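> Before anything else, here's the structure in question.
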Amino acid sequence: MAAGVYLDHAATTPMRQVAVDAWVRHAQALNPGGQYTSGRRARSVLDDARETIAALLGCEPVEVIFTASGTEADNIGVQGLFAASESRRVISTPIEHPAVLETVQSLGAEVELLPVDAQGRVSDLSALDTPAALAACMWANNETGAIQPVEQVIGRASAVGTPVHVDAVQVVGHLPVNFAALGATTLAASAHKFGGPRGVGLLLAKRSPAPTGVLHGGGQERGIRPGTVDVAGAAATAAALEEAVSEIPTELGRLRGLRDLLRTGITDLVEDVVFHTTESSLPGHLHMSFPGAEGDSLLMLLDSLGVEASTGSACAAGVNRASHVLLAMGVSEAEARGALRFTLGRTSTESDVKRVLGLIEDVAARARAAGMAF
Ligand code: PLP
């Protein structure tokens, strides 16, 4: 059987060799808070990583907070800005990743979700004209890849003094990011989405207003994320981000070309496919529904043939329910259950696309013949 085809890069992407090398090089680093030689040595590696990341993302080194995941960065941004405010009002969107949506819903706040159009884009920003403790809006959606109007969200919110948390987990390392120019208050990223290690996240946090720490401890990372910092993980993240950012100009066009080849091929081969990824999306995303089929059937049939894909959010995988993102876009529950997401990335090639196109007609027919579970 031919080598497997991995098309779930939005869930996680293979670690880059530069990141593995940096990780191994610094695996023995000791506590960067230590006041002695080995501590200072570890601290200097951490400082270098912080400076590299800050330069790549357009912020000051002090604004870079290392966390243990994108989820943790989102939790600190949302919970921390809420705790730092006297207002009980929070604005977000119904298409956020659960790391934001569930956090927002756990606050006990008065939550207002901005409406979303059929393209999966936030469509009416008027709720932002009334001040709130915070507004939380993702930069690009993890399921459809739809790019959100974050600049406008930040402009409207800032005009009335509302801090903004941006979940940029799908964007950092894939599109250019300049935190200072963007004007967000906090921004979350995750190393494993751009070829860094799993288990390292980033929270960019302005000096003021700063999120209140949600964990209590030794005061590391400005007290916003206490805990001994993983120096090797930070160095690996910086190395991965440096390479990812340098590849953005070439990867954008290459991935878009491959994705469009996949979309055209599927349109030609399979009837009645509904595409949820539209213009102004991340270049490697292709999210669609095969009405009459279960997404799980499509996924398992593809897997049995060596193609790894997803029904959408990795966190919802294994649970047979319609995606909250598609439902918010007005997609029917039956159609949403037939969802399949291919996400291309650094290791994707034209032969991967051809392999999928060689299988998809038969896979769609078999999944449709199996029908819906209930
Ligand atoms: N936010 C978005 C948009 C994501 O896609 C993900 C992961 O899929 C996360 C947050 C969570 O990131 P992590 O897996 O690092 O916790």
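Ligands are numbered from 1 in the order shown, residues from 1 within each chain, and chains are lettered A, B, ... in the order they appear in the structure tokens.
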Go through segment 112-131 of chain A and flag each residue having an atom no more than 12 Å from segment 327-346 of chain A; for those, report the closest pair of atoms plus their distance in Å to one decimal, using only C-alpha atoms, ordered by chain and rising number, as JSON lines.


```
{"residue": "A:Leu113", "atom": "CA", "partner": "A:Ala328", "partner_atom": "CA", "distance": 10.5}
{"residue": "A:Leu114", "atom": "CA", "partner": "A:Ala328", "partner_atom": "CA", "distance": 10.5}
{"residue": "A:Pro115", "atom": "CA", "partner": "A:Ala328", "partner_atom": "CA", "distance": 8.2}
{"residue": "A:Val116", "atom": "CA", "partner": "A:Met329", "partner_atom": "CA", "distance": 6.1}
{"residue": "A:Asp117", "atom": "CA", "partner": "A:Met329", "partner_atom": "CA", "distance": 5.7}
{"residue": "A:Ala118", "atom": "CA", "partner": "A:Met329", "partner_atom": "CA", "distance": 4.7}
{"residue": "A:Gln119", "atom": "CA", "partner": "A:Met329", "partner_atom": "CA", "distance": 6.8}
{"residue": "A:Gly120", "atom": "CA", "partner": "A:Met329", "partner_atom": "CA", "distance": 5.4}
{"residue": "A:Arg121", "atom": "CA", "partner": "A:Met329", "partner_atom": "CA", "distance": 8.3}
{"residue": "A:Val122", "atom": "CA", "partner": "A:Met329", "partner_atom": "CA", "distance": 9.7}
{"residue": "A:Ser123", "atom": "CA", "partner": "A:Met329", "partner_atom": "CA", "distance": 10.7}
```

> Need to verify the contact set: Val363 of chain A, 7 Å, only C-alpha atoms, exclusion of same-chain residues closer than 3 positions in sequence. Can you return it as a ChimeraX atom specification?

/A:298,301-302,359-360,366-367

> Name the residues, by chain letter and number, that sit within 9 Å of ligand 1 using only C-alpha atoms and all ligand atoms, and give them as a ChimeraX atom specification.

/A:10-12,68-74,96-100,138-143,167-171,188-193,198-201,313-315

> Which of segment 219-343 of chain A counts as strand (DSSP E) under DSSP, as a PyMOL selection string please?

chain A and resi 274-275+285-289+307-308+339-343

> Would you write out, as a tab-separated table, a table of all residues in segment 271-341 of chain A that have an atom no more than 10 Å from an atom of segment 245-257 of chain A, listing for each the closest atom pair and the distance in Å to one decimal, considering only C-alpha atoms and ordering rows by chain and rising residue number?


```
residue	atom	partner	partner_atom	distance
A:Ser281	CA	A:Arg256	CA	9.6
A:Leu282	CA	A:Arg256	CA	8.4
A:Pro283	CA	A:Arg256	CA	4.6
A:Gly284	CA	A:Leu255	CA	5.3
A:His285	CA	A:Arg256	CA	8.6
A:Leu286	CA	A:Arg256	CA	9.9
```

> Return the single residue from A:Thr67, A:Ser280, A:Ser351, A:Thr162 that is closest to Pro149 of chain A, with distances computed using only C-alpha atoms.

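Closest to Pro149 of chain A, using only C-alpha atoms: A:Ser280.
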
> I'd like to know which of A:Ser85, A:Val231, A:Gln17, A:Thr144 is closest to Met288 of chain A, using only C-alpha atoms.

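Checking each of A:Ser85, A:Val231, A:Gln17, A:Thr144 against Met288 of chain A, counting only C-alpha atoms, the winner is A:Thr144.
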
> For Arg16 of chain A, list every protein, DNA or RNA residue within 10 Å, evaluated using only C-alpha atoms, and leave out those in the same chain fewer than 4 positions away; present the list as a list of chain:residue names.

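Everything that qualifies: A:Val20, A:Asp21, A:His192, A:Phe194, A:Gly195, A:Gly196, A:Pro197, A:Ala236, A:Thr237, A:Ala239, A:Ala240, A:Leu241, A:Glu243, A:Ala244, A:Arg346.
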
> Output all heavy atoms for every residue in the selection just made, as an mmCIF file, in the first residue's frame.


```
data_model
loop_
_atom_site.group_PDB
_atom_site.id
_atom_site.type_symbol
_atom_site.label_atom_id
_atom_site.label_comp_id
_atom_site.auth_asym_id
_atom_site.auth_seq_id
_atom_site.Cartn_x
_atom_site.Cartn_y
_atom_site.Cartn_z
ATOM 1 N N VAL A 20 12.864 20.197 16.466
ATOM 2 C CA VAL A 20 13.385 18.999 17.149
ATOM 3 C C VAL A 20 14.825 19.264 17.599
ATOM 4 O O VAL A 20 15.196 18.984 18.752
ATOM 5 C CB VAL A 20 13.323 17.762 16.209
ATOM 6 C CG1 VAL A 20 13.985 16.553 16.852
ATOM 7 C CG2 VAL A 20 11.879 17.449 15.818
ATOM 8 N N ASP A 21 15.622 19.852 16.697
ATOM 9 C CA ASP A 21 17.035 20.114 17.015
ATOM 10 C C ASP A 21 17.161 21.080 18.206
ATOM 11 O O ASP A 21 17.951 20.846 19.119
ATOM 12 C CB ASP A 21 17.766 20.712 15.794
ATOM 13 C CG ASP A 21 17.867 19.703 14.649
ATOM 14 O OD1 ASP A 21 17.643 18.498 14.890
ATOM 15 O OD2 ASP A 21 18.148 20.133 13.514
ATOM 16 N N HIS A 192 2.178 23.744 18.250
ATOM 17 C CA HIS A 192 2.051 22.528 17.424
ATOM 18 C C HIS A 192 1.267 22.758 16.137
ATOM 19 O O HIS A 192 1.197 21.879 15.280
ATOM 20 C CB HIS A 192 1.455 21.371 18.231
ATOM 21 C CG HIS A 192 0.000 21.473 18.545
ATOM 22 N ND1 HIS A 192 -0.948 20.768 17.843
ATOM 23 C CD2 HIS A 192 -0.678 22.163 19.483
ATOM 24 C CE1 HIS A 192 -2.157 21.029 18.351
ATOM 25 N NE2 HIS A 192 -2.012 21.870 19.350
ATOM 26 N N PHE A 194 2.166 25.147 14.045
ATOM 27 C CA PHE A 194 3.115 25.643 13.027
ATOM 28 C C PHE A 194 4.435 24.872 13.055
ATOM 29 O O PHE A 194 5.474 25.365 12.632
ATOM 30 C CB PHE A 194 3.332 27.163 13.133
ATOM 31 C CG PHE A 194 3.732 27.696 14.500
ATOM 32 C CD1 PHE A 194 5.031 27.591 14.946
ATOM 33 C CD2 PHE A 194 2.789 28.302 15.321
ATOM 34 C CE1 PHE A 194 5.408 28.097 16.187
ATOM 35 C CE2 PHE A 194 3.144 28.810 16.570
ATOM 36 C CZ PHE A 194 4.456 28.705 17.008
ATOM 37 N N GLY A 195 4.391 23.640 13.542
ATOM 38 C CA GLY A 195 5.588 22.809 13.477
ATOM 39 C C GLY A 195 6.461 22.872 14.709
ATOM 40 O O GLY A 195 7.595 22.398 14.711
ATOM 41 N N GLY A 196 5.941 23.449 15.780
ATOM 42 C CA GLY A 196 6.631 23.409 17.069
ATOM 43 C C GLY A 196 6.140 22.198 17.857
ATOM 44 O O GLY A 196 5.379 21.375 17.343
ATOM 45 N N PRO A 197 6.564 22.104 19.107
ATOM 46 C CA PRO A 197 6.146 20.945 19.917
ATOM 47 C C PRO A 197 4.695 21.061 20.392
ATOM 48 O O PRO A 197 4.195 22.165 20.576
ATOM 49 C CB PRO A 197 7.092 21.006 21.122
ATOM 50 C CG PRO A 197 7.601 22.402 21.177
ATOM 51 C CD PRO A 197 7.498 22.993 19.798
ATOM 52 N N ALA A 236 12.301 25.555 20.983
ATOM 53 C CA ALA A 236 11.775 24.828 19.822
ATOM 54 C C ALA A 236 10.657 25.624 19.150
ATOM 55 O O ALA A 236 10.542 25.651 17.922
ATOM 56 C CB ALA A 236 11.264 23.453 20.266
ATOM 57 N N THR A 237 9.846 26.286 19.957
ATOM 58 C CA THR A 237 8.752 27.101 19.413
ATOM 59 C C THR A 237 9.312 28.257 18.597
ATOM 60 O O THR A 237 8.837 28.550 17.491
ATOM 61 C CB THR A 237 7.876 27.618 20.577
ATOM 62 O OG1 THR A 237 7.335 26.484 21.250
ATOM 63 C CG2 THR A 237 6.751 28.516 20.091
ATOM 64 N N ALA A 239 12.222 28.427 17.118
ATOM 65 C CA ALA A 239 12.851 27.917 15.886
ATOM 66 C C ALA A 239 11.778 27.568 14.851
ATOM 67 O O ALA A 239 11.918 27.880 13.658
ATOM 68 C CB ALA A 239 13.699 26.687 16.217
ATOM 69 N N ALA A 240 10.695 26.927 15.310
ATOM 70 C CA ALA A 240 9.620 26.553 14.378
ATOM 71 C C ALA A 240 8.952 27.794 13.798
ATOM 72 O O ALA A 240 8.685 27.871 12.596
ATOM 73 C CB ALA A 240 8.578 25.694 15.104
ATOM 74 N N LEU A 241 8.727 28.783 14.651
ATOM 75 C CA LEU A 241 8.030 29.987 14.185
ATOM 76 C C LEU A 241 8.887 30.748 13.167
ATOM 77 O O LEU A 241 8.379 31.249 12.165
ATOM 78 C CB LEU A 241 7.669 30.886 15.380
ATOM 79 C CG LEU A 241 6.794 32.086 15.041
ATOM 80 C CD1 LEU A 241 5.453 31.660 14.449
ATOM 81 C CD2 LEU A 241 6.539 32.941 16.291
ATOM 82 N N GLU A 243 11.059 29.528 11.075
ATOM 83 C CA GLU A 243 11.007 28.854 9.775
ATOM 84 C C GLU A 243 9.621 29.016 9.141
ATOM 85 O O GLU A 243 9.489 29.286 7.946
ATOM 86 C CB GLU A 243 11.349 27.368 9.937
ATOM 87 C CG GLU A 243 11.536 26.677 8.606
ATOM 88 C CD GLU A 243 12.026 25.247 8.769
ATOM 89 O OE1 GLU A 243 11.185 24.336 8.940
ATOM 90 O OE2 GLU A 243 13.258 25.044 8.731
ATOM 91 N N ALA A 244 8.574 28.867 9.968
ATOM 92 C CA ALA A 244 7.210 28.966 9.429
ATOM 93 C C ALA A 244 6.968 30.349 8.822
ATOM 94 O O ALA A 244 6.440 30.472 7.714
ATOM 95 C CB ALA A 244 6.188 28.686 10.534
ATOM 96 N N ARG A 346 2.515 21.848 5.381
ATOM 97 C CA ARG A 346 3.887 21.870 4.870
ATOM 98 C C ARG A 346 4.295 20.597 4.123
ATOM 99 O O ARG A 346 4.995 20.654 3.130
ATOM 100 C CB ARG A 346 4.794 22.078 6.078
ATOM 101 C CG ARG A 346 6.167 22.502 5.787
ATOM 102 C CD ARG A 346 6.893 22.744 7.091
ATOM 103 N NE ARG A 346 7.589 21.578 7.574
ATOM 104 C CZ ARG A 346 7.156 20.791 8.565
ATOM 105 N NH1 ARG A 346 6.032 21.036 9.169
ATOM 106 N NH2 ARG A 346 7.874 19.756 8.949
#
```

> Just to confirm, what's the straight-line distance from atom CA of Arg43 of chain A to atom CA of Ala238 of chain A in Å (one decimal)?

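If I compute the distance from atom CA of Arg43 of chain A to atom CA of Ala238 of chain A, I get 14.5 Å.
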
> I need the helix (DSSP H, G or I) residues of segment 63-179 of chain A per DSSP on the backbone, written as a PyMOL selection string.

chain A and resi 63+70-83+98-106+126-129+150-159+179

> At a cut-off of 10 Å, using only C-alpha atoms, what residues contact Pro209 of chain A? Leave out same-chain residues fewer than 3 positions from it and give the result as a list of chain:residue names.

A:Leu81, A:Ala84, A:Ser85, A:Thr162, A:Pro163, A:Thr185, A:Thr186, A:Ala205, A:Lys206, A:Thr212

> Give me, as a CSV table (one decimal) with N, CA, C and O atoms, in the first residue's frame, all polymer residues having an atom no more than 9 Å from Ala184 of chain A, counting only C-alpha atoms and skipping those fewer than 3 positions away in the same chain.


```
chain,number,residue,atom,x,y,z
A,150,VAL,N,-11.2,40.7,12.2
A,150,VAL,CA,-10.6,41.0,13.5
A,150,VAL,C,-10.2,42.5,13.6
A,150,VAL,O,-10.4,43.1,14.7
A,151,GLU,N,-9.7,43.1,12.5
A,151,GLU,CA,-9.3,44.5,12.6
A,151,GLU,C,-10.6,45.4,12.9
A,151,GLU,O,-10.5,46.2,13.8
A,154,ILE,N,-11.7,44.8,16.6
A,154,ILE,CA,-10.8,45.5,17.5
A,154,ILE,C,-11.1,47.0,17.4
A,154,ILE,O,-11.1,47.7,18.5
A,158,SER,N,-12.4,48.8,20.7
A,158,SER,CA,-11.4,49.8,21.3
A,158,SER,C,-12.0,51.2,21.4
A,158,SER,O,-11.8,51.9,22.3
A,163,PRO,N,-11.4,45.7,25.9
A,163,PRO,CA,-10.3,45.0,25.5
A,163,PRO,C,-10.7,43.8,24.6
A,163,PRO,O,-11.8,43.3,24.8
A,164,VAL,N,-9.8,43.4,23.7
A,164,VAL,CA,-10.1,42.3,22.8
A,164,VAL,C,-9.1,41.1,22.9
A,164,VAL,O,-7.9,41.4,22.8
A,165,HIS,N,-9.6,39.9,23.1
A,165,HIS,CA,-8.8,38.7,23.0
A,165,HIS,C,-9.0,38.1,21.6
A,165,HIS,O,-10.1,37.8,21.2
A,166,VAL,N,-7.9,37.8,20.9
A,166,VAL,CA,-7.9,37.2,19.6
A,166,VAL,C,-7.4,35.8,19.7
A,166,VAL,O,-6.2,35.6,20.1
A,179,PHE,N,1.3,42.1,16.2
A,179,PHE,CA,0.4,42.3,17.4
A,179,PHE,C,0.2,43.8,17.7
A,179,PHE,O,-0.9,44.3,18.0
A,180,ALA,N,1.3,44.6,17.5
A,180,ALA,CA,1.2,46.0,17.8
A,180,ALA,C,0.3,46.7,16.9
A,180,ALA,O,-0.6,47.5,17.2
A,181,ALA,N,0.4,46.4,15.6
A,181,ALA,CA,-0.4,47.0,14.6
A,181,ALA,C,-1.9,46.6,14.7
A,181,ALA,O,-2.8,47.3,14.5
A,187,LEU,N,-3.6,37.8,22.7
A,187,LEU,CA,-3.7,37.0,21.5
A,187,LEU,C,-3.1,35.6,21.8
A,187,LEU,O,-2.0,35.5,22.4
A,205,ALA,N,0.4,39.4,25.5
A,205,ALA,CA,-0.4,40.2,26.4
A,205,ALA,C,0.2,41.6,26.6
A,205,ALA,O,1.3,41.7,27.1
A,206,LYS,N,-0.6,42.6,26.2
A,206,LYS,CA,-0.2,44.0,26.4
A,206,LYS,C,0.1,44.3,27.9
A,206,LYS,O,-0.4,43.6,28.7
```

> I want to know what sits within 10 Å of Gly108 of chain A, based on only C-alpha atoms, with residues of the same chain fewer than 2 positions away left out; could you give that as number ranges by chain?

A: 88-90, 103-106, 110-111

> Could you save the residues just selected, with N, CA, C and O atoms, as a CSV table (one decimal), in the first residue's frame?


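Contents of part-v6.csv, as written:
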```csv
chain,number,residue,atom,x,y,z
A,88,ARG,N,-19.7,43.0,33.6
A,88,ARG,CA,-20.1,41.6,33.6
A,88,ARG,C,-20.5,41.2,32.2
A,88,ARG,O,-21.0,40.1,32.0
A,89,ARG,N,-20.3,42.1,31.2
A,89,ARG,CA,-20.7,41.8,29.9
A,89,ARG,C,-19.6,41.3,29.0
A,89,ARG,O,-18.4,41.8,29.1
A,90,VAL,N,-19.8,40.2,28.3
A,90,VAL,CA,-18.8,39.7,27.4
A,90,VAL,C,-19.3,39.4,26.0
A,90,VAL,O,-20.5,38.9,25.9
A,103,THR,N,-15.1,28.6,27.7
A,103,THR,CA,-14.6,29.5,28.7
A,103,THR,C,-15.5,30.7,28.9
A,103,THR,O,-15.8,31.0,30.1
A,104,VAL,N,-15.9,31.3,27.8
A,104,VAL,CA,-16.8,32.4,27.9
A,104,VAL,C,-18.1,32.0,28.6
A,104,VAL,O,-18.6,32.7,29.5
A,105,GLN,N,-18.6,30.8,28.3
A,105,GLN,CA,-19.9,30.4,28.9
A,105,GLN,C,-19.7,30.0,30.3
A,105,GLN,O,-20.7,29.9,31.0
A,106,SER,N,-18.5,29.8,30.8
A,106,SER,CA,-18.3,29.4,32.2
A,106,SER,C,-18.2,30.6,33.1
A,106,SER,O,-18.1,30.4,34.3
A,110,GLU,N,-22.9,38.1,31.3
A,110,GLU,CA,-23.9,38.3,30.4
A,110,GLU,C,-23.2,38.2,29.0
A,110,GLU,O,-22.5,39.1,28.7
A,111,VAL,N,-23.5,37.1,28.3
A,111,VAL,CA,-22.8,36.9,27.1
A,111,VAL,C,-23.6,37.3,25.8
A,111,VAL,O,-24.8,36.9,25.8
```

> Excluding segment 26-42 of chain A and its own-chain neighbours fewer than 4 positions away, which residues fall within 9 Å of it when counting only C-alpha atoms? Please give them as a PDB file with all heavy atoms, in the first residue's frame.


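Here's the written file result-v5.pdb:
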```pdb
ATOM      1  N   ASP A  21      15.622  19.852  16.697  1.00  0.00           N
ATOM      2  CA  ASP A  21      17.035  20.114  17.015  1.00  0.00           C
ATOM      3  C   ASP A  21      17.161  21.080  18.206  1.00  0.00           C
ATOM      4  O   ASP A  21      17.951  20.846  19.119  1.00  0.00           O
ATOM      5  CB  ASP A  21      17.766  20.712  15.794  1.00  0.00           C
ATOM      6  CG  ASP A  21      17.867  19.703  14.649  1.00  0.00           C
ATOM      7  OD1 ASP A  21      17.643  18.498  14.890  1.00  0.00           O
ATOM      8  OD2 ASP A  21      18.148  20.133  13.514  1.00  0.00           O
ATOM      9  N   ALA A  22      16.350  22.147  18.183  1.00  0.00           N
ATOM     10  CA  ALA A  22      16.421  23.131  19.283  1.00  0.00           C
ATOM     11  C   ALA A  22      15.960  22.483  20.590  1.00  0.00           C
ATOM     12  O   ALA A  22      16.532  22.720  21.660  1.00  0.00           O
ATOM     13  CB  ALA A  22      15.545  24.339  18.953  1.00  0.00           C
ATOM     14  N   LEU A  46      15.949  31.143  27.166  1.00  0.00           N
ATOM     15  CA  LEU A  46      14.545  31.568  27.211  1.00  0.00           C
ATOM     16  C   LEU A  46      14.400  33.001  26.687  1.00  0.00           C
ATOM     17  O   LEU A  46      13.489  33.301  25.899  1.00  0.00           O
ATOM     18  CB  LEU A  46      14.037  31.465  28.659  1.00  0.00           C
ATOM     19  CG  LEU A  46      12.574  31.797  28.898  1.00  0.00           C
ATOM     20  CD1 LEU A  46      11.667  30.865  28.099  1.00  0.00           C
ATOM     21  CD2 LEU A  46      12.253  31.672  30.400  1.00  0.00           C
ATOM     22  N   ASP A  47      15.319  33.887  27.095  1.00  0.00           N
ATOM     23  CA  ASP A  47      15.270  35.279  26.625  1.00  0.00           C
ATOM     24  C   ASP A  47      15.407  35.348  25.105  1.00  0.00           C
ATOM     25  O   ASP A  47      14.700  36.108  24.443  1.00  0.00           O
ATOM     26  CB  ASP A  47      16.390  36.118  27.266  1.00  0.00           C
ATOM     27  CG  ASP A  47      16.120  36.396  28.750  1.00  0.00           C
ATOM     28  OD1 ASP A  47      14.980  36.168  29.194  1.00  0.00           O
ATOM     29  OD2 ASP A  47      17.061  36.833  29.438  1.00  0.00           O
ATOM     30  N   GLN A 220       6.080  33.666  37.762  1.00  0.00           N
ATOM     31  CA  GLN A 220       6.760  33.674  36.458  1.00  0.00           C
ATOM     32  C   GLN A 220       5.834  34.268  35.394  1.00  0.00           C
ATOM     33  O   GLN A 220       4.622  34.317  35.569  1.00  0.00           O
ATOM     34  CB  GLN A 220       7.136  32.237  36.030  1.00  0.00           C
ATOM     35  CG  GLN A 220       8.179  31.574  36.902  1.00  0.00           C
ATOM     36  CD  GLN A 220       7.579  30.757  38.024  1.00  0.00           C
ATOM     37  OE1 GLN A 220       6.440  30.972  38.432  1.00  0.00           O
ATOM     38  NE2 GLN A 220       8.351  29.832  38.548  1.00  0.00           N
ATOM     39  N   THR A 228       7.285  27.002  36.395  1.00  0.00           N
ATOM     40  CA  THR A 228       8.616  26.983  35.787  1.00  0.00           C
ATOM     41  C   THR A 228       8.473  26.823  34.274  1.00  0.00           C
ATOM     42  O   THR A 228       7.781  25.921  33.808  1.00  0.00           O
ATOM     43  CB  THR A 228       9.445  25.819  36.376  1.00  0.00           C
ATOM     44  OG1 THR A 228       9.478  26.011  37.790  1.00  0.00           O
ATOM     45  CG2 THR A 228      10.852  25.788  35.820  1.00  0.00           C
ATOM     46  N   VAL A 229       9.119  27.707  33.527  1.00  0.00           N
ATOM     47  CA  VAL A 229       8.935  27.684  32.067  1.00  0.00           C
ATOM     48  C   VAL A 229       9.767  26.559  31.449  1.00  0.00           C
ATOM     49  O   VAL A 229      10.887  26.287  31.858  1.00  0.00           O
ATOM     50  CB  VAL A 229       9.311  29.058  31.456  1.00  0.00           C
ATOM     51  CG1 VAL A 229       9.108  29.045  29.945  1.00  0.00           C
ATOM     52  CG2 VAL A 229       8.483  30.172  32.077  1.00  0.00           C
ATOM     53  N   ASP A 230       9.171  25.927  30.430  1.00  0.00           N
ATOM     54  CA  ASP A 230       9.815  24.846  29.673  1.00  0.00           C
ATOM     55  C   ASP A 230      10.760  25.495  28.643  1.00  0.00           C
ATOM     56  O   ASP A 230      10.334  25.930  27.584  1.00  0.00           O
ATOM     57  CB  ASP A 230       8.701  24.032  28.992  1.00  0.00           C
ATOM     58  CG  ASP A 230       9.214  23.039  27.970  1.00  0.00           C
ATOM     59  OD1 ASP A 230      10.448  22.854  27.871  1.00  0.00           O
ATOM     60  OD2 ASP A 230       8.367  22.452  27.277  1.00  0.00           O
ATOM     61  N   VAL A 231      12.037  25.572  29.004  1.00  0.00           N
ATOM     62  CA  VAL A 231      13.016  26.281  28.171  1.00  0.00           C
ATOM     63  C   VAL A 231      13.187  25.604  26.808  1.00  0.00           C
ATOM     64  O   VAL A 231      13.215  26.258  25.761  1.00  0.00           O
ATOM     65  CB  VAL A 231      14.369  26.373  28.916  1.00  0.00           C
ATOM     66  CG1 VAL A 231      15.461  26.927  28.016  1.00  0.00           C
ATOM     67  CG2 VAL A 231      14.215  27.237  30.166  1.00  0.00           C
ATOM     68  N   ALA A 232      13.289  24.275  26.806  1.00  0.00           N
ATOM     69  CA  ALA A 232      13.477  23.561  25.536  1.00  0.00           C
ATOM     70  C   ALA A 232      12.260  23.766  24.628  1.00  0.00           C
ATOM     71  O   ALA A 232      12.402  23.974  23.418  1.00  0.00           O
ATOM     72  CB  ALA A 232      13.694  22.065  25.807  1.00  0.00           C
ATOM     73  N   GLY A 233      11.067  23.738  25.222  1.00  0.00           N
ATOM     74  CA  GLY A 233       9.843  23.957  24.446  1.00  0.00           C
ATOM     75  C   GLY A 233       9.803  25.363  23.867  1.00  0.00           C
ATOM     76  O   GLY A 233       9.402  25.566  22.720  1.00  0.00           O
ATOM     77  N   ALA A 235      12.439  27.286  23.163  1.00  0.00           N
ATOM     78  CA  ALA A 235      13.454  27.389  22.100  1.00  0.00           C
ATOM     79  C   ALA A 235      12.952  26.705  20.827  1.00  0.00           C
ATOM     80  O   ALA A 235      13.136  27.209  19.705  1.00  0.00           O
ATOM     81  CB  ALA A 235      14.760  26.754  22.567  1.00  0.00           C
ATOM     82  N   ALA A 236      12.301  25.555  20.983  1.00  0.00           N
ATOM     83  CA  ALA A 236      11.775  24.828  19.822  1.00  0.00           C
ATOM     84  C   ALA A 236      10.657  25.624  19.150  1.00  0.00           C
ATOM     85  O   ALA A 236      10.542  25.651  17.922  1.00  0.00           O
ATOM     86  CB  ALA A 236      11.264  23.453  20.266  1.00  0.00           C
TER      87      ALA A 236
END
```

> Tell me, in Å to one decimal, how far atom CA of Ser310 of chain A is from atom CA of Met372 of chain A.

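These atoms are spaced 17.5 Å apart.
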
> State, in Å with one decimal place, the distance from atom CA of Ala159 of chain A to atom CA of Ile224 of chain A.

25.7 Å
